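S.K.: Sharing a structure with you now.
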Amino acid sequence: MKLDKFKKIYKNIPLSEHSAFGVGGNANIFIEAEKKEELKDAVFFANQNNMQYYILGGGTNILASDKGFNGLIIKNKIQNIDFDCQEESVFAGSGVPMGALVNSAKKNGLSGLEWAAGLPGTLGGAIFGNAGSCGGQIADNVDFVEVLDPITLTFKNVALKDCGFLYRGSSFKKNGLLIMGAKLKFKKDDPVVIMDKMAENMLFRRSHQPLSEKSEGCVFKNIDLSERKDVPLDIWKEIPEFSIFVRRGVVPAGFLIDRAGLKGFEIGGAKVSERHANFIVNKNNAKAKDIHKLIFEIKKIVKEKFGVELEEELRFLGF
Ligand SMILES: Cc1cc2nc3c(=O)[nH]c(=O)nc-3n(C[C@H](O)[C@H](O)[C@H](O)COP(=O)(O)OP(=O)(O)OC[C@H]3O[C@@H](n4cnc5c(N)ncnc54)[C@H](O)[C@@H]3O)c2cc1C
């Protein structure tokens with residue numbers, strides 16, 4: 001297969017233009033795939049040429065290296081949205097921006113995605129990391145996910161029970177299947193009621209997140225006490241708010257970062273947000289290496305202070 005088969009193909013594209021942090025060096029080859037067959041061809045091309053590839057959604061949960069990516073970036077632009085209002089469901093391409101999906105659901109009087117109002121990125125990225133906020137998560141909406149097996153180059157549907165969804169996780173993080181689209185379930189409701197819930201969730205987002213700055217959302221996963229048996233509960237009993245988090249079963253990573261005195265801590269142009277300690281913001285022309293260093297410094301200090309290893313929610317690209 002030749003590269004000129006692809007409609008939208010670019011060489012030496014700066015990843016900084018495709019990452020919400022605004023950092024990252026060049027990708028050798030960059031293909032925009034608007035149809036699932038095109039995405040399949042791109043994977044075939046990479047396999048045939050022994051080239052590594054990386055599928056990119058909105059670039060709102062990655063840290064792209066200053067060295068860039070020596071391989072093929074496949075920018076997912078599969079953006080079909082097909083509503084079935086009788087069945088109260090939608091089949092959407094994985095490259096659909098979540099904002100477009102949330103707004104179309106509202107217009108069609110379909111309730112279920114209000115939690116995602118203001119969530120950046122694509123449906124594929126949301127499914128990959130089981131994105132969630134305001135008491136919801138994408139796992140609650142999924143009926144099935146359509147995937148491409150990159151080895152056999154075949155499409156298949158994965159039922160909800162086989163998606164392995166857990167807090168900010170899915171089986172797709174481990175099995176390498178590429179998400180092409182998903183059928184999502186909804187319930188009919190009054191668009192005005194849906195709109196009100198969305199507005200409430202947007203307000204929460206605006207008041208808690210540094211939305212006017214360049215970030216990739218939460219850098220670390222919150223600590224789920226049912227999964228993390230390594231938490232030294234005896235050290236944490238000294239912290240007054242701790243009992244509330246134990247009752248909820250989740251300790252926010254941002255709380256530990258804040259308590260470690262790291263709000264406002266800077267390396268190069270990268271800074272721990274003053275508004276939300278689990279956000280790193282690109283304050284002053286940071287390089288990926290500044291952000292990378294800051295992430296590992298936060299991990300080291302939190303580990304020293306609270307005896308727990310923070311796990312990254314964002315993904316490293318090209319490191
Ligand atoms: C201001 C801000 C607020 C945020 N708030 C939240 C929040 O409230 N809740 C939350 O959970 N997240 C939040 N995030 C993080 C981010 O928006 C989500 O994780 C989002 O779901 C990522 O989607 P994306 O398309 O941008 O993925 P990308 O950043 O493009 O990719 C992330 C990972 O998913 C993989 N991936 C993407 N698409 C596919 C696919 N089709 N098939 C297989 N793998 C794929 C990529 O290879 C990569 O490893 C926030 C980010 C920002 C910048």
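FYI, nothing fancy with the structure tokens labels: chains A, B, ... in order, residues from 1 per chain, ligands from 1 as they appear.
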At a cut-off of 12 Å, using only C-alpha atoms, what residues contact Lys303 of chain A? Leave out same-chain residues fewer than 4 positions from it and give the result as a list in words.

M.R.: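 My list of contacting residues is Asp230, Val231, Pro232, Ile235, Ala253, Leu256, Ile257, Ala260, Phe296, Glu297, Ile298, Lys299, Gly307, Val308, Glu309, Leu310 and Glu311 of chain A.
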
S.K.: What does the file look like for those residues with C-alpha atoms, as an mmCIF file, in the first residue's frame?

M.R.:
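Contents of part12.cif, as written:
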data_model
loop_
_atom_site.group_PDB
_atom_site.id
_atom_site.type_symbol
_atom_site.label_atom_id
_atom_site.label_comp_id
_atom_site.auth_asym_id
_atom_site.auth_seq_id
_atom_site.Cartn_x
_atom_site.Cartn_y
_atom_site.Cartn_z
ATOM 1 C CA ASP A 230 -1.020 -0.593 49.532
ATOM 2 C CA VAL A 231 -2.450 2.511 51.243
ATOM 3 C CA PRO A 232 -0.835 3.015 54.705
ATOM 4 C CA ILE A 235 -0.309 7.375 58.460
ATOM 5 C CA ALA A 253 -5.139 12.560 44.275
ATOM 6 C CA LEU A 256 -2.805 14.534 48.632
ATOM 7 C CA ILE A 257 -0.930 16.844 46.219
ATOM 8 C CA ALA A 260 1.927 17.864 50.268
ATOM 9 C CA PHE A 296 7.706 12.529 38.740
ATOM 10 C CA GLU A 297 8.585 15.125 41.371
ATOM 11 C CA ILE A 298 4.941 15.181 42.540
ATOM 12 C CA LYS A 299 4.955 11.366 42.710
ATOM 13 C CA GLY A 307 3.461 6.435 51.528
ATOM 14 C CA VAL A 308 1.394 5.938 48.387
ATOM 15 C CA GLU A 309 2.329 5.775 44.718
ATOM 16 C CA LEU A 310 0.183 8.005 42.516
ATOM 17 C CA GLU A 311 -0.718 6.410 39.170
#

S.K.: Excluding Gly124 of chain A and its own-chain neighbours fewer than 2 positions away, which residues fall within 6 Å of it when counting only C-alpha atoms? Please give them as a CSV table (one decimal) with C-alpha atoms, in the first residue's frame.

M.R.:
chain,number,residue,atom,x,y,z
A,94,SER,CA,-15.2,7.0,18.1
A,122,THR,CA,-13.6,12.2,21.7
A,126,ALA,CA,-13.6,8.5,26.8
A,127,ILE,CA,-14.2,4.8,26.3
A,179,ILE,CA,-12.2,1.7,19.3

S.K.: What's around Leu211 of chain A at 10 Å? Count only C-alpha atoms, leave out sequence neighbours fewer than 5 positions away in its own chain, and write the answer as a PDB file with C-alpha atoms, in the first residue's frame.

M.R.:
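Final output, saved to selection-v2.pdb:
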ATOM      1  CA  GLY A 118     -17.889  20.151  29.038  1.00  0.00           C
ATOM      2  CA  ARG A 205     -16.496  22.196  36.108  1.00  0.00           C
ATOM      3  CA  ARG A 206     -15.929  25.946  35.739  1.00  0.00           C
ATOM      4  CA  GLY A 217      -7.252  17.376  32.904  1.00  0.00           C
ATOM      5  CA  ARG A 275      -7.300  25.888  41.374  1.00  0.00           C
ATOM      6  CA  VAL A 281      -0.939  23.692  33.582  1.00  0.00           C
TER       7      VAL A 281
END

S.K.: Show me a table, sorted first by chain and then by increasing residue number, of the residues of segment 192-212 of chain A having an atom at most 10 Å from segment 129-143 of chain A, each with its shortest atom pair and the distance in Å to one decimal, counting only C-alpha atoms and written as a tab-separated table.

M.R.:
residue	atom	partner	partner_atom	distance
A:Glu200	CA	A:Cys134	CA	9.5
A:Asn201	CA	A:Cys134	CA	6.5
A:Met202	CA	A:Cys134	CA	9.5
A:Phe204	CA	A:Cys134	CA	8.1
A:Arg205	CA	A:Cys134	CA	8.7

S.K.: Filtering to C-alpha atoms, could you give me those residues as a JSON list (two decimals), in the first residue's frame?

M.R.:
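For reference, selection.json as written:
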[["chain", "number", "residue", "atom", "x", "y", "z"],
["A", 200, "GLU", "CA", -25.26, 22.52, 36.65],
["A", 201, "ASN", "CA", -22.40, 20.18, 35.69],
["A", 202, "MET", "CA", -20.72, 22.87, 33.58],
["A", 204, "PHE", "CA", -19.21, 22.65, 38.74],
["A", 205, "ARG", "CA", -16.50, 22.20, 36.11]]

S.K.: Where does DSSP see helix (DSSP H, G or I) in segment 24-191 of chain A, if you list the residues as a PyMOL selection string?

M.R.: chain A and resi 36-48+98-107+114-116+123-128+138-140+160-162+172-175+191

S.K.: List the spatial neighbours of Phe220 of chain A as a ChimeraX atom specification - criterion: any atom at most 9 Å away, only C-alpha atoms, same-chain residues fewer than 5 positions off excluded.

M.R.: /A:253-254,278-279,295,310-314

S.K.: Please produce a file of those selected residues containing C-alpha atoms, as a CSV table (one decimal), in the first residue's frame.

M.R.:
chain,number,residue,atom,x,y,z
A,253,ALA,CA,-5.1,12.6,44.3
A,254,GLY,CA,-5.5,16.4,44.2
A,278,ASN,CA,-4.5,17.3,40.2
A,279,PHE,CA,-4.1,19.6,37.1
A,295,ILE,CA,4.9,14.6,37.3
A,310,LEU,CA,0.2,8.0,42.5
A,311,GLU,CA,-0.7,6.4,39.2
A,312,GLU,CA,-0.9,8.5,36.0
A,313,GLU,CA,-4.3,9.0,34.3
A,314,LEU,CA,-2.8,10.7,31.3

S.K.: Would you please extract all strand (DSSP E or B) residues from segment 37-183 of chain A, as assigned by DSSP on the backbone, and give them as an MDAnalysis selection string?

M.R.: chainID A and resid 53:56 62:64 69:76 81:84 89:93 97 110:111 122 132:133 136:137 142:149 154:159 166 169 178:183

S.K.: Export, as an mmCIF file, in the first residue's frame, the selected residues with C-alpha atoms.

M.R.:
data_model
loop_
_atom_site.group_PDB
_atom_site.id
_atom_site.type_symbol
_atom_site.label_atom_id
_atom_site.label_comp_id
_atom_site.auth_asym_id
_atom_site.auth_seq_id
_atom_site.Cartn_x
_atom_site.Cartn_y
_atom_site.Cartn_z
ATOM 1 C CA TYR A 53 1.511 3.739 15.207
ATOM 2 C CA TYR A 54 -0.539 5.640 17.760
ATOM 3 C CA ILE A 55 -4.235 6.467 17.628
ATOM 4 C CA LEU A 56 -5.055 9.979 18.722
ATOM 5 C CA ILE A 62 -1.683 12.721 26.663
ATOM 6 C CA LEU A 63 1.789 14.087 27.223
ATOM 7 C CA ALA A 64 3.619 14.105 23.878
ATOM 8 C CA PHE A 69 6.924 10.376 17.542
ATOM 9 C CA ASN A 70 8.963 8.263 15.183
ATOM 10 C CA GLY A 71 6.096 6.549 13.400
ATOM 11 C CA LEU A 72 2.524 7.020 12.254
ATOM 12 C CA ILE A 73 -0.035 9.062 14.170
ATOM 13 C CA ILE A 74 -3.594 8.162 13.218
ATOM 14 C CA LYS A 75 -5.874 11.062 14.062
ATOM 15 C CA ASN A 76 -9.336 9.638 14.568
ATOM 16 C CA ILE A 81 -23.731 10.074 14.807
ATOM 17 C CA ASP A 82 -26.883 8.004 14.160
ATOM 18 C CA PHE A 83 -29.721 8.470 16.615
ATOM 19 C CA ASP A 84 -32.512 5.957 17.044
ATOM 20 C CA SER A 89 -29.992 4.831 21.546
ATOM 21 C CA VAL A 90 -27.251 6.241 19.356
ATOM 22 C CA PHE A 91 -24.437 4.694 17.374
ATOM 23 C CA ALA A 92 -21.540 7.125 17.208
ATOM 24 C CA GLY A 93 -18.123 6.999 15.584
ATOM 25 C CA PRO A 97 -16.145 15.046 19.993
ATOM 26 C CA LEU A 110 -32.239 11.856 25.144
ATOM 27 C CA SER A 111 -30.937 11.863 28.694
ATOM 28 C CA THR A 122 -13.579 12.161 21.656
ATOM 29 C CA GLY A 132 -16.255 10.313 34.100
ATOM 30 C CA SER A 133 -17.304 13.277 36.178
ATOM 31 C CA GLY A 136 -21.309 9.615 35.788
ATOM 32 C CA GLN A 137 -18.922 7.645 33.606
ATOM 33 C CA VAL A 142 -22.321 1.889 26.672
ATOM 34 C CA ASP A 143 -24.342 -0.935 25.124
ATOM 35 C CA PHE A 144 -21.491 -2.288 22.997
ATOM 36 C CA VAL A 145 -18.230 -1.041 21.498
ATOM 37 C CA GLU A 146 -17.142 -1.674 17.920
ATOM 38 C CA VAL A 147 -13.397 -2.341 17.667
ATOM 39 C CA LEU A 148 -10.714 -3.066 15.111
ATOM 40 C CA ASP A 149 -8.337 -5.896 15.942
ATOM 41 C CA THR A 154 -11.132 -7.393 11.496
ATOM 42 C CA PHE A 155 -13.961 -5.426 13.056
ATOM 43 C CA LYS A 156 -16.050 -6.876 15.876
ATOM 44 C CA ASN A 157 -18.437 -5.782 18.608
ATOM 45 C CA VAL A 158 -17.477 -6.043 22.268
ATOM 46 C CA ALA A 159 -20.435 -6.338 24.665
ATOM 47 C CA LEU A 166 -13.370 0.109 36.014
ATOM 48 C CA GLY A 169 -9.878 1.956 33.033
ATOM 49 C CA LEU A 178 -8.822 0.090 18.574
ATOM 50 C CA ILE A 179 -12.192 1.668 19.290
ATOM 51 C CA MET A 180 -14.169 2.470 16.127
ATOM 52 C CA GLY A 181 -17.522 3.430 17.599
ATOM 53 C CA ALA A 182 -20.106 2.527 20.190
ATOM 54 C CA LYS A 183 -23.798 2.084 20.715
#

S.K.: Given only C-alpha atoms and all ligand atoms as the basis, pick out the residue of A:Met98, A:Val246, A:Leu184, A:Ala270 nearest to ligand 1.

M.R.: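 Closest residue, counting only C-alpha atoms and all ligand atoms: A:Met98.
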
S.K.: With distances taken over only C-alpha atoms, which of A:Asn61, A:Ser215, A:Asn12, A:Thr152 is nearest to Lys40 of chain A?

M.R.: A:Thr152

S.K.: What does the distance between atom CA of Glu38 of chain A and atom CA of Pro150 of chain A come to in Å, to one decimal place?

M.R.: 12.9 Å

S.K.: Compare A:Leu153, A:Leu101, A:Val219, A:Ile13 by their minimum atom-to-atom distance to ligand 1, counting only C-alpha atoms and all ligand atoms, and give me the closest one.

M.R.: A:Val219
